[in-house]
$ cat entry.cif   # mmCIF, C-alpha atoms; chains and numbers go by the auth columns
data_model
loop_
_atom_site.group_PDB
_atom_site.id
_atom_site.type_symbol
_atom_site.label_atom_id
_atom_site.label_comp_id
_atom_site.label_asym_id
_atom_site.label_seq_id
_atom_site.Cartn_x
_atom_site.Cartn_y
_atom_site.Cartn_z
_atom_site.B_iso_or_equiv
_atom_site.auth_seq_id
_atom_site.auth_asym_id
ATOM 1 C CA MET A 1 -11.514 -24.946 -16.440 0.00 460 A
ATOM 2 C CA ASP A 2 -10.644 -21.313 -15.677 0.00 461 A
ATOM 3 C CA GLU A 3 -7.548 -20.717 -13.648 0.00 462 A
ATOM 4 C CA LYS A 4 -7.852 -18.207 -10.821 0.00 463 A
ATOM 5 C CA ILE A 5 -5.480 -15.263 -11.145 0.00 464 A
ATOM 6 C CA TYR A 6 -4.356 -13.355 -8.040 0.00 465 A
ATOM 7 C CA ASN A 7 -3.120 -9.801 -7.643 0.00 466 A
ATOM 8 C CA VAL A 8 0.258 -9.737 -5.900 0.00 467 A
ATOM 9 C CA ASN A 9 1.120 -6.826 -3.598 0.00 468 A
ATOM 10 C CA ILE A 10 4.392 -6.247 -1.786 0.00 469 A
ATOM 11 C CA ASN A 11 4.080 -4.282 1.435 0.00 470 A
ATOM 12 C CA LYS A 12 6.575 -1.738 2.755 0.00 471 A
ATOM 13 C CA THR A 13 8.219 -4.186 5.149 0.00 472 A
ATOM 14 C CA ALA A 14 8.904 -6.698 2.374 0.00 473 A
ATOM 15 C CA LYS A 15 10.241 -3.943 0.112 0.00 474 A
ATOM 16 C CA LYS A 16 12.581 -2.854 2.884 0.00 475 A
ATOM 17 C CA ASP A 17 13.698 -6.470 3.375 0.00 476 A
ATOM 18 C CA ILE A 18 14.471 -6.840 -0.335 0.00 477 A
ATOM 19 C CA ARG A 19 16.360 -3.531 -0.466 0.00 478 A
ATOM 20 C CA GLY A 20 18.408 -4.630 2.567 0.00 479 A
ATOM 21 C CA ILE A 21 19.300 -7.953 0.947 0.00 480 A
ATOM 22 C CA VAL A 22 20.384 -6.282 -2.287 0.00 481 A
ATOM 23 C CA LYS A 23 22.316 -3.535 -0.492 0.00 482 A
ATOM 24 C CA PHE A 24 24.192 -6.027 1.685 0.00 483 A
ATOM 25 C CA ILE A 25 25.165 -8.284 -1.222 0.00 484 A
ATOM 26 C CA SER A 26 26.046 -5.387 -3.528 0.00 485 A
ATOM 27 C CA LYS A 27 28.827 -4.286 -1.158 0.00 486 A
ATOM 28 C CA ASN A 28 30.880 -7.266 -2.336 0.00 487 A
ATOM 29 C CA ASN A 29 29.253 -8.268 -5.603 0.00 488 A
ATOM 30 C CA PRO A 30 26.899 -5.796 -7.343 0.00 489 A
ATOM 31 C CA ILE A 31 26.211 -8.128 -10.265 0.00 490 A
ATOM 32 C CA ASN A 32 25.231 -10.975 -7.951 0.00 491 A
ATOM 33 C CA ALA A 33 22.998 -8.573 -6.018 0.00 492 A
ATOM 34 C CA LEU A 34 21.058 -7.798 -9.204 0.00 493 A
ATOM 35 C CA ASN A 35 20.771 -11.504 -10.019 0.00 494 A
ATOM 36 C CA ILE A 36 19.422 -12.223 -6.545 0.00 495 A
ATOM 37 C CA LEU A 37 16.961 -9.329 -6.833 0.00 496 A
ATOM 38 C CA LYS A 38 15.682 -10.840 -10.082 0.00 497 A
ATOM 39 C CA ARG A 39 15.376 -14.320 -8.520 0.00 498 A
ATOM 40 C CA ILE A 40 13.397 -12.994 -5.554 0.00 499 A
ATOM 41 C CA GLN A 41 11.214 -10.787 -7.757 0.00 500 A
ATOM 42 C CA ASP A 42 10.512 -13.658 -10.177 0.00 501 A
ATOM 43 C CA ARG A 43 9.524 -15.895 -7.267 0.00 502 A
ATOM 44 C CA ILE A 44 7.185 -13.224 -5.896 0.00 503 A
ATOM 45 C CA ASP A 45 5.729 -12.584 -9.355 0.00 504 A
ATOM 46 C CA SER A 46 4.940 -16.307 -9.679 0.00 505 A
ATOM 47 C CA LEU A 47 2.422 -15.991 -6.839 0.00 506 A
ATOM 48 C CA TYR A 48 -0.234 -14.687 -9.230 0.00 507 A
ATOM 49 C CA ARG A 49 -0.944 -18.350 -9.985 0.00 508 A
ATOM 50 C CA PHE A 50 -1.508 -21.048 -7.374 0.00 509 A
ATOM 51 C CA PRO A 51 -0.288 -19.181 -4.266 0.00 510 A
ATOM 52 C CA GLU A 52 -1.680 -22.048 -2.193 0.00 511 A
ATOM 53 C CA ARG A 53 1.332 -24.115 -3.310 0.00 512 A
ATOM 54 C CA GLY A 54 3.436 -22.385 -0.670 0.00 513 A
ATOM 55 C CA GLY A 55 3.690 -24.207 2.621 0.00 514 A
ATOM 56 C CA TYR A 56 2.549 -22.901 5.963 0.00 515 A
ATOM 57 C CA VAL A 57 5.138 -21.130 8.079 0.00 516 A
ATOM 58 C CA GLN A 58 6.306 -23.844 10.465 0.00 517 A
ATOM 59 C CA GLU A 59 7.200 -21.467 13.312 0.00 518 A
ATOM 60 C CA LEU A 60 3.645 -20.092 13.257 0.00 519 A
ATOM 61 C CA LEU A 61 1.981 -23.511 13.013 0.00 520 A
ATOM 62 C CA GLU A 62 3.305 -24.167 16.512 0.00 521 A
ATOM 63 C CA PHE A 63 0.818 -21.483 17.605 0.00 522 A
ATOM 64 C CA ASN A 64 -1.910 -22.835 15.276 0.00 523 A
ATOM 65 C CA ILE A 65 -1.542 -19.814 12.968 0.00 524 A
ATOM 66 C CA LYS A 66 -2.311 -20.837 9.390 0.00 525 A
ATOM 67 C CA ASP A 67 -2.833 -17.393 7.866 0.00 526 A
ATOM 68 C CA TYR A 68 0.665 -17.159 6.406 0.00 527 A
ATOM 69 C CA ARG A 69 2.395 -19.152 3.705 0.00 528 A
ATOM 70 C CA GLN A 70 5.889 -19.161 2.306 0.00 529 A
ATOM 71 C CA LEU A 71 7.930 -19.812 -0.775 0.00 530 A
ATOM 72 C CA THR A 72 11.678 -20.238 -0.642 0.00 531 A
ATOM 73 C CA GLU A 73 14.211 -18.670 -2.934 0.00 532 A
ATOM 74 C CA SER A 74 17.120 -20.134 -1.052 0.00 533 A
ATOM 75 C CA PRO A 75 18.247 -18.966 1.406 0.00 534 A
ATOM 76 C CA TRP A 76 15.403 -16.444 1.615 0.00 535 A
ATOM 77 C CA ARG A 77 11.863 -17.134 2.699 0.00 536 A
ATOM 78 C CA ILE A 78 9.087 -15.101 1.115 0.00 537 A
ATOM 79 C CA ILE A 79 6.252 -14.864 3.641 0.00 538 A
ATOM 80 C CA TYR A 80 2.807 -13.940 2.358 0.00 539 A
ATOM 81 C CA LYS A 81 -0.881 -13.986 3.163 0.00 540 A
ATOM 82 C CA ILE A 82 -3.739 -14.757 0.790 0.00 541 A
ATOM 83 C CA ASP A 83 -6.754 -12.457 1.174 0.00 542 A
ATOM 84 C CA GLY A 84 -9.421 -13.415 -1.354 0.00 543 A
ATOM 85 C CA ASN A 85 -7.876 -12.825 -4.773 0.00 544 A
ATOM 86 C CA ILE A 86 -4.973 -10.794 -3.365 0.00 545 A
ATOM 87 C CA VAL A 87 -1.600 -12.151 -2.282 0.00 546 A
ATOM 88 C CA ASN A 88 0.121 -9.800 0.158 0.00 547 A
ATOM 89 C CA VAL A 89 3.856 -10.363 0.463 0.00 548 A
ATOM 90 C CA ILE A 90 4.673 -9.229 3.980 0.00 549 A
ATOM 91 C CA MET A 91 8.351 -10.070 4.457 0.00 550 A
ATOM 92 C CA VAL A 92 11.434 -11.643 2.939 0.00 551 A
ATOM 93 C CA ILE A 93 13.770 -13.116 5.537 0.00 552 A
ATOM 94 C CA ASP A 94 17.047 -14.993 5.575 0.00 553 A
ATOM 95 C CA SER A 95 16.342 -18.578 6.627 0.00 554 A
ATOM 96 C CA ARG A 96 19.818 -18.866 8.149 0.00 555 A
ATOM 97 C CA ARG A 97 18.874 -16.461 10.938 0.00 556 A
ATOM 98 C CA ASN A 98 16.645 -17.053 13.968 0.00 557 A
ATOM 99 C CA THR A 99 13.462 -16.869 11.956 0.00 558 A
ATOM 100 C CA GLN A 100 11.053 -17.337 14.844 0.00 559 A
ATOM 101 C CA ASP A 101 12.234 -14.129 16.527 0.00 560 A
ATOM 102 C CA ILE A 102 12.173 -12.257 13.210 0.00 561 A
ATOM 103 C CA LEU A 103 8.644 -13.474 12.437 0.00 562 A
ATOM 104 C CA VAL A 104 7.289 -12.487 15.835 0.00 563 A
ATOM 105 C CA GLU A 105 8.953 -9.070 15.699 0.00 564 A
ATOM 106 C CA LYS A 106 7.777 -8.260 12.189 0.00 565 A
ATOM 107 C CA LEU A 107 4.277 -9.674 12.487 0.00 566 A
ATOM 108 C CA LEU A 108 3.650 -7.797 15.708 0.00 567 A
ATOM 109 C CA GLY A 109 4.767 -4.619 13.950 0.00 568 A
ATOM 110 C CA ILE A 110 2.441 -5.039 10.976 0.00 569 A
ATOM 111 C CA ASN A 111 -0.749 -3.011 11.337 0.00 570 A
ATOM 112 C CA GLU A 112 -2.036 -2.991 7.808 0.00 571 A
ATOM 113 C CA ILE A 113 -0.987 -4.664 4.607 0.00 572 A
ATOM 114 C CA GLY A 114 -1.384 -2.204 1.769 0.00 573 A
ATOM 115 C CA PRO A 115 -1.281 -2.655 -1.974 0.00 574 A
ATOM 116 C CA ASP A 116 2.276 -1.385 -2.350 0.00 575 A
ATOM 117 C CA VAL A 117 4.131 -2.649 -5.369 0.00 576 A
ATOM 118 C CA VAL A 118 7.877 -2.675 -6.026 0.00 577 A
#
$ encode --input "entry.cif" --output "structure tokens"
Amino acid sequence: MDEKIYNVNINKTAKKDIRGIVKFISKNNPINALNILKRIQDRIDSLYRFPERGGYVQELLEFNIKDYRQLTESPWRIIYKIDGNIVNVIMVIDSRRNTQDILVEKLLGINEIGPDVV
């Protein structure tokens, strides 16, 4: 049986989120910041196979929104949307913060998900 392969794109918002995470951590521990960048990037890269394995975003399910899925690279949540054979990573957020407010703010600000790649 052939395994479906997906293209993985990271939009500008998610890139900005990742840069912010790395910048914040690098203030105290630059080596750890690079390790965390690699962990997040590896997790995102893994989405080319079986992106459906990610769970629905609980805060959005309350509004019956099932368009978005997530993977966790603790404590960060990688939020993405599957469009055909393309996985669009739309944000990376810290799960220790008020994620519902962050999700609403960011999703309302997203007009178009482009094929930007880190």
$ resolve_selection --input "entry.cif" --expression "the PyMOL selection byres ((chain A and resi 491-507) around 8)" --output "ChimeraX atom specification"
/A:464-467,477,480-482,484-485,488-490,508-510,530,532,537,546,548
$ atom_distance --input "entry.cif" --atom1 "atom CA of A:Asn544" --atom2 "atom CA of A:Lys525"
17.2 Å
$ closest_residue --input "entry.cif" --among "A:Lys486, A:Arg556, A:Arg512, A:Lys474" --to "A:Gln529" --atoms "all atoms listed in the file"
A:Arg512
$ atom_distance --input "entry.cif" --atom1 "atom CA of A:Gln517" --atom2 "atom CA of A:Lys463"
26.2 Å
$ closest_residue --input "entry.cif" --among "A:Asn487, A:Lys475, A:Pro534, A:Tyr539" --to "A:Gly514" --atoms "all atoms listed in the file"
A:Tyr539
$ closest_residue --input "entry.cif" --among "A:Arg536, A:Lys471, A:Arg478, A:Arg528" --to "A:Ile552" --atoms "all atoms listed in the file"
A:Arg536
$ axis_aligned_box --input "entry.cif" --around "stretch 501-506 of chain A" --padding-each-side "3 Å" --output "lines of an AutoDock Vina configuration file"
center_x = 6.5
center_y = -14.4
center_z = -8.0
size_x = 14.1
size_y = 9.7
size_z = 10.3
$ atom_distance --input "entry.cif" --atom1 "atom CA of A:Lys540" --atom2 "atom CA of A:Arg555"
21.8 Å
